[in-house]
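Trainee: Have a look at the structure that comes next, please.
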Amino acid sequence: MTGRDRIVAALDVPDLAAAAALSQKLAGHVGMLKVGLELFVAHGSAALEAVKPASLPVFLDLKLHDIPNTVEAAARAAAALGVALLTVHAGGGTAMIRAARRGAEAGAKGSGSPPARIIAVTILTSLAEDDLRATGISASAGEAALRLARLALAAGAEGVVCSPAEVGLLRRELGPAPLLVVPGIRAAGTATHDQQRTGSARDALHAGASLLVVGRPLREAADPAAAADALAREIES
């Protein structure tokens with residue numbers, strides 16, 4: 001897998017025209033596009049149609065978290081759209097994750113698409129240790145992420161989302177098989193905005209990340225394609 005293939009460009013923009021334009025600029029420079037809550041809630045499946053001309057696989061980042069029956073139905077509908085990855089919250093528990101896997105398989109079968117891979121979110125990158133304690137989690141972010149990752153993988157998820165701070169621990173403990181998707185990628189010395197646990201692309205890859213989700217550093221660049229190319233070179237160095 002090349003450096004470019006490991007980059008997932010987060011299309012966190014408010015409208016279809018912006019998503020289409022950014023996806024076209026990044027076509028051939030990244031390996032996957034991420035459609036998240038902002039774009040999907042505003043436009044639904046039209047968001048996927050808008051980025052289709054880029055001919056890149058889509059990561060639908062909805063972070064599903066509800067009772068198993070509801071998540072199964074949502075995963076079925078999402079998988080029928082032909083997406084490559086679909087997120088759920090690991091905190092939803094074993095039954096919910098198993099339901100998401102069933103739904104994804106059923107949705108793909110009905111549409112003739114390959115099944116969406118279920119990826120479970122462990123601990124959001126926006127949460128610091130104090131935030132975890134405020135929610136009743138006494139474990140460190142690393143300990144909590146590892147516990148949730150093990151639960152999710154045992155329930156049928158094919159990978160997890162974790163921050164750059166935890167990816168090394170998870171790779172060591174979970175082995176080479178799981179897909180580890182890592183957001184919160186920032187160059188040293190740059191603003192982290194609302195993300196607390198961030199890291200560089202190179203460090204995350206060396207620690208064991210499979211895919212890197214990159215938003216603002218690409219979206220806000222004067223030349224998104226050039227920024228993606230520079231990131232790919234950093235990954236490969």
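Residue numbering restarts at 1 in every chain; chains get A, B, ... in the order shown in the structure tokens, and ligands count up from 1 in that same order.
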Select from region 3-71 of chain A everything DSSP, run on the backbone, classes as strand (DSSP E or B), then give the selection as a list in words.

Mentor: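 Those in region 3-71 of chain A that DSSP calls strand (DSSP E or B) are Ile7, Val8, Ala9, Ala10, Met32, Leu33, Lys34, Val35, Gly36, Val58, Phe59, Leu60, Asp61, Leu62, Lys63 and Leu64 of chain A.
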
Trainee: Mind writing the picked residues with N, CA, C and O atoms as an mmCIF file, in the first residue's frame?

Mentor:
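Generated file (result14.cif):
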data_model
loop_
_atom_site.group_PDB
_atom_site.id
_atom_site.type_symbol
_atom_site.label_atom_id
_atom_site.label_comp_id
_atom_site.auth_asym_id
_atom_site.auth_seq_id
_atom_site.Cartn_x
_atom_site.Cartn_y
_atom_site.Cartn_z
ATOM 1 N N ILE A 7 -4.158 7.515 2.836
ATOM 2 C CA ILE A 7 -4.782 8.792 3.201
ATOM 3 C C ILE A 7 -6.282 8.754 2.923
ATOM 4 O O ILE A 7 -6.716 8.490 1.797
ATOM 5 N N VAL A 8 -7.064 9.030 3.945
ATOM 6 C CA VAL A 8 -8.519 9.174 3.819
ATOM 7 C C VAL A 8 -8.828 10.660 3.983
ATOM 8 O O VAL A 8 -8.599 11.239 5.044
ATOM 9 N N ALA A 9 -9.321 11.270 2.936
ATOM 10 C CA ALA A 9 -9.624 12.705 2.975
ATOM 11 C C ALA A 9 -11.015 12.924 3.540
ATOM 12 O O ALA A 9 -12.008 12.417 3.008
ATOM 13 N N ALA A 10 -11.090 13.671 4.633
ATOM 14 C CA ALA A 10 -12.374 13.944 5.280
ATOM 15 C C ALA A 10 -13.050 15.126 4.588
ATOM 16 O O ALA A 10 -12.556 16.251 4.632
ATOM 17 N N MET A 32 -8.970 7.291 -0.315
ATOM 18 C CA MET A 32 -10.367 7.135 0.083
ATOM 19 C C MET A 32 -10.925 8.494 0.477
ATOM 20 O O MET A 32 -10.175 9.404 0.846
ATOM 21 N N LEU A 33 -12.249 8.630 0.390
ATOM 22 C CA LEU A 33 -12.945 9.846 0.808
ATOM 23 C C LEU A 33 -13.844 9.523 1.990
ATOM 24 O O LEU A 33 -14.505 8.487 2.007
ATOM 25 N N LYS A 34 -13.879 10.418 2.967
ATOM 26 C CA LYS A 34 -14.758 10.228 4.120
ATOM 27 C C LYS A 34 -15.914 11.217 4.063
ATOM 28 O O LYS A 34 -15.708 12.426 3.990
ATOM 29 N N VAL A 35 -17.110 10.682 4.089
ATOM 30 C CA VAL A 35 -18.325 11.494 4.204
ATOM 31 C C VAL A 35 -18.820 11.339 5.628
ATOM 32 O O VAL A 35 -19.110 10.226 6.082
ATOM 33 N N GLY A 36 -18.917 12.458 6.336
ATOM 34 C CA GLY A 36 -19.289 12.412 7.740
ATOM 35 C C GLY A 36 -20.673 12.953 8.010
ATOM 36 O O GLY A 36 -21.482 13.165 7.104
ATOM 37 N N VAL A 58 -15.569 5.080 -0.522
ATOM 38 C CA VAL A 58 -16.113 6.032 0.450
ATOM 39 C C VAL A 58 -16.209 5.401 1.831
ATOM 40 O O VAL A 58 -16.701 4.276 1.996
ATOM 41 N N PHE A 59 -15.761 6.149 2.800
ATOM 42 C CA PHE A 59 -15.853 5.818 4.220
ATOM 43 C C PHE A 59 -17.020 6.655 4.764
ATOM 44 O O PHE A 59 -16.935 7.875 4.826
ATOM 45 N N LEU A 60 -18.109 5.994 5.116
ATOM 46 C CA LEU A 60 -19.282 6.692 5.646
ATOM 47 C C LEU A 60 -19.170 6.714 7.171
ATOM 48 O O LEU A 60 -19.369 5.704 7.838
ATOM 49 N N ASP A 61 -18.856 7.874 7.697
ATOM 50 C CA ASP A 61 -18.519 8.012 9.115
ATOM 51 C C ASP A 61 -19.721 8.551 9.884
ATOM 52 O O ASP A 61 -19.779 9.727 10.235
ATOM 53 N N LEU A 62 -20.664 7.666 10.186
ATOM 54 C CA LEU A 62 -21.894 8.068 10.881
ATOM 55 C C LEU A 62 -21.842 7.774 12.372
ATOM 56 O O LEU A 62 -22.707 8.235 13.117
ATOM 57 N N LYS A 63 -20.872 6.987 12.811
ATOM 58 C CA LYS A 63 -20.720 6.663 14.235
ATOM 59 C C LYS A 63 -22.053 6.220 14.849
ATOM 60 O O LYS A 63 -22.521 6.765 15.838
ATOM 61 N N LEU A 64 -22.655 5.206 14.260
ATOM 62 C CA LEU A 64 -23.959 4.725 14.708
ATOM 63 C C LEU A 64 -23.882 4.260 16.163
ATOM 64 O O LEU A 64 -22.944 3.556 16.560
#

Trainee: Please list as a PyMOL selection string every residue within 12 Å of Gly110 (chain A), counting only C-alpha atoms and excluding residues in the same chain fewer than 4 positions away.

Mentor: chain A and resi 76-82+103-106+114-115

Trainee: My list of candidates is A:Ala232, A:Val181, A:Ala226, A:Ala157. Which is closest to Thr125 (chain A) when distances are computed with only C-alpha atoms?

Mentor: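 Smallest distance to Thr125 (chain A) is found for A:Val181.
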
Trainee: Could you pull out the helix (DSSP H, G or I) residues of region 33-96 of chain A from DSSP and send them as a PyMOL selection string?

Mentor: chain A and resi 37-43+46-54+68-79+90-92+94-96

Trainee: Residues within 9 Å of Thr2 (chain A), please, as a list in words. Count only C-alpha atoms; anything in the same chain fewer than 4 positions from it doesn't count.

Mentor: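 After dropping sequence-adjacent residues, the list is Arg6, Gly31, Ala232, Ile235 and Glu236 of chain A.
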
Trainee: Which residue is closest to Ser111 (chain A)? Choose from A:Arg202, A:Arg171, A:Val83, A:Leu16 and count only C-alpha atoms.

Mentor: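 The closest residue to Ser111 (chain A) is A:Val83.
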
Trainee: For region 37-51 of chain A, find every residue with an atom within 7 Å (counting only C-alpha atoms), except residues of its own chain fewer than 6 positions away, and show them as a compact mmCIF listing (two decimals) with all heavy atoms, in the first residue's frame.

Mentor:
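The result, stored in out_38.txt:
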# COMPACT_ATOMS: atom_id res chain seq x y z
N ASP A 12 -15.38 17.21 5.24
CA ASP A 12 -16.21 17.86 6.25
C ASP A 12 -16.57 19.26 5.79
O ASP A 12 -16.07 20.27 6.29
CB ASP A 12 -15.49 17.87 7.59
CG ASP A 12 -15.25 16.48 8.13
OD1 ASP A 12 -16.08 15.59 7.85
OD2 ASP A 12 -14.24 16.27 8.82
N VAL A 13 -17.44 19.30 4.79
CA VAL A 13 -17.89 20.56 4.17
C VAL A 13 -19.42 20.57 4.20
O VAL A 13 -20.06 19.52 4.32
CB VAL A 13 -17.37 20.68 2.73
CG1 VAL A 13 -15.85 20.82 2.71
CG2 VAL A 13 -17.78 19.47 1.89
N PRO A 14 -20.04 21.75 4.08
CA PRO A 14 -21.48 21.83 4.29
C PRO A 14 -22.36 21.56 3.08
O PRO A 14 -23.55 21.31 3.25
CB PRO A 14 -21.68 23.28 4.76
CG PRO A 14 -20.57 24.02 4.06
CD PRO A 14 -19.41 23.07 4.04
N ASP A 15 -21.81 21.60 1.87
CA ASP A 15 -22.70 21.48 0.71
C ASP A 15 -22.12 20.56 -0.36
O ASP A 15 -20.92 20.25 -0.35
CB ASP A 15 -23.02 22.86 0.12
CG ASP A 15 -21.77 23.59 -0.35
OD1 ASP A 15 -21.24 23.23 -1.41
OD2 ASP A 15 -21.31 24.52 0.37
N LEU A 16 -22.99 20.15 -1.26
CA LEU A 16 -22.61 19.17 -2.28
C LEU A 16 -21.58 19.72 -3.25
O LEU A 16 -20.66 19.00 -3.67
CB LEU A 16 -23.85 18.72 -3.05
CG LEU A 16 -24.92 18.00 -2.23
CD1 LEU A 16 -26.11 17.64 -3.12
CD2 LEU A 16 -24.36 16.75 -1.57
N ALA A 19 -18.18 19.56 -1.67
CA ALA A 19 -17.73 18.17 -1.58
C ALA A 19 -17.27 17.66 -2.94
O ALA A 19 -16.22 17.01 -3.05
CB ALA A 19 -18.85 17.30 -1.04
N ALA A 20 -18.05 17.95 -3.96
CA ALA A 20 -17.68 17.50 -5.31
C ALA A 20 -16.38 18.14 -5.76
O ALA A 20 -15.49 17.46 -6.32
CB ALA A 20 -18.81 17.85 -6.28
N SER A 23 -13.39 16.65 -3.73
CA SER A 23 -13.12 15.26 -4.10
C SER A 23 -12.44 15.19 -5.46
O SER A 23 -11.54 14.36 -5.67
CB SER A 23 -14.41 14.45 -4.09
OG SER A 23 -15.31 14.88 -5.09
N ASP A 61 -18.86 7.87 7.70
CA ASP A 61 -18.52 8.01 9.12
C ASP A 61 -19.72 8.55 9.88
O ASP A 61 -19.78 9.73 10.23
CB ASP A 61 -17.32 8.95 9.25
CG ASP A 61 -16.79 9.04 10.67
OD1 ASP A 61 -17.06 8.11 11.45
OD2 ASP A 61 -16.11 10.05 10.98
N LEU A 62 -20.66 7.67 10.19
CA LEU A 62 -21.89 8.07 10.88
C LEU A 62 -21.84 7.77 12.37
O LEU A 62 -22.71 8.23 13.12
CB LEU A 62 -23.09 7.35 10.26
CG LEU A 62 -23.35 7.64 8.78
CD1 LEU A 62 -24.64 6.97 8.32
CD2 LEU A 62 -23.40 9.13 8.50

Trainee: Quick one: distance from CA of Ile123 (chain A) to CA of Ala230 (chain A) in Å, one decimal?

Mentor: 28.4 Å

Trainee: Please report the interatomic distance between CA of Gly168 (chain A) and CA of Ala116 (chain A) in Å with one decimal.

Mentor: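 Distance reported for this atom pair: 25.4 Å.
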
Trainee: For CA of Gly28 (chain A) and CA of Ala120 (chain A), quote the distance in Å rounded to one decimal.

Mentor: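 Between these atoms lies a distance of 27.3 Å.
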
Trainee: Closest to Asp203 (chain A) among A:Ala227, A:Ala165, A:Gly175, A:Met1, using only C-alpha atoms?

Mentor: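 Comparing A:Ala227, A:Ala165, A:Gly175, A:Met1 against Asp203 (chain A), the winner is A:Ala165.
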
Trainee: I need the residue nearest Arg233 (chain A) from this list: A:Arg102, A:Val30, A:Ala154, A:Ala17. Use only C-alpha atoms for the distance.

Mentor: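 Under the stated criterion, the closest residue is A:Val30.
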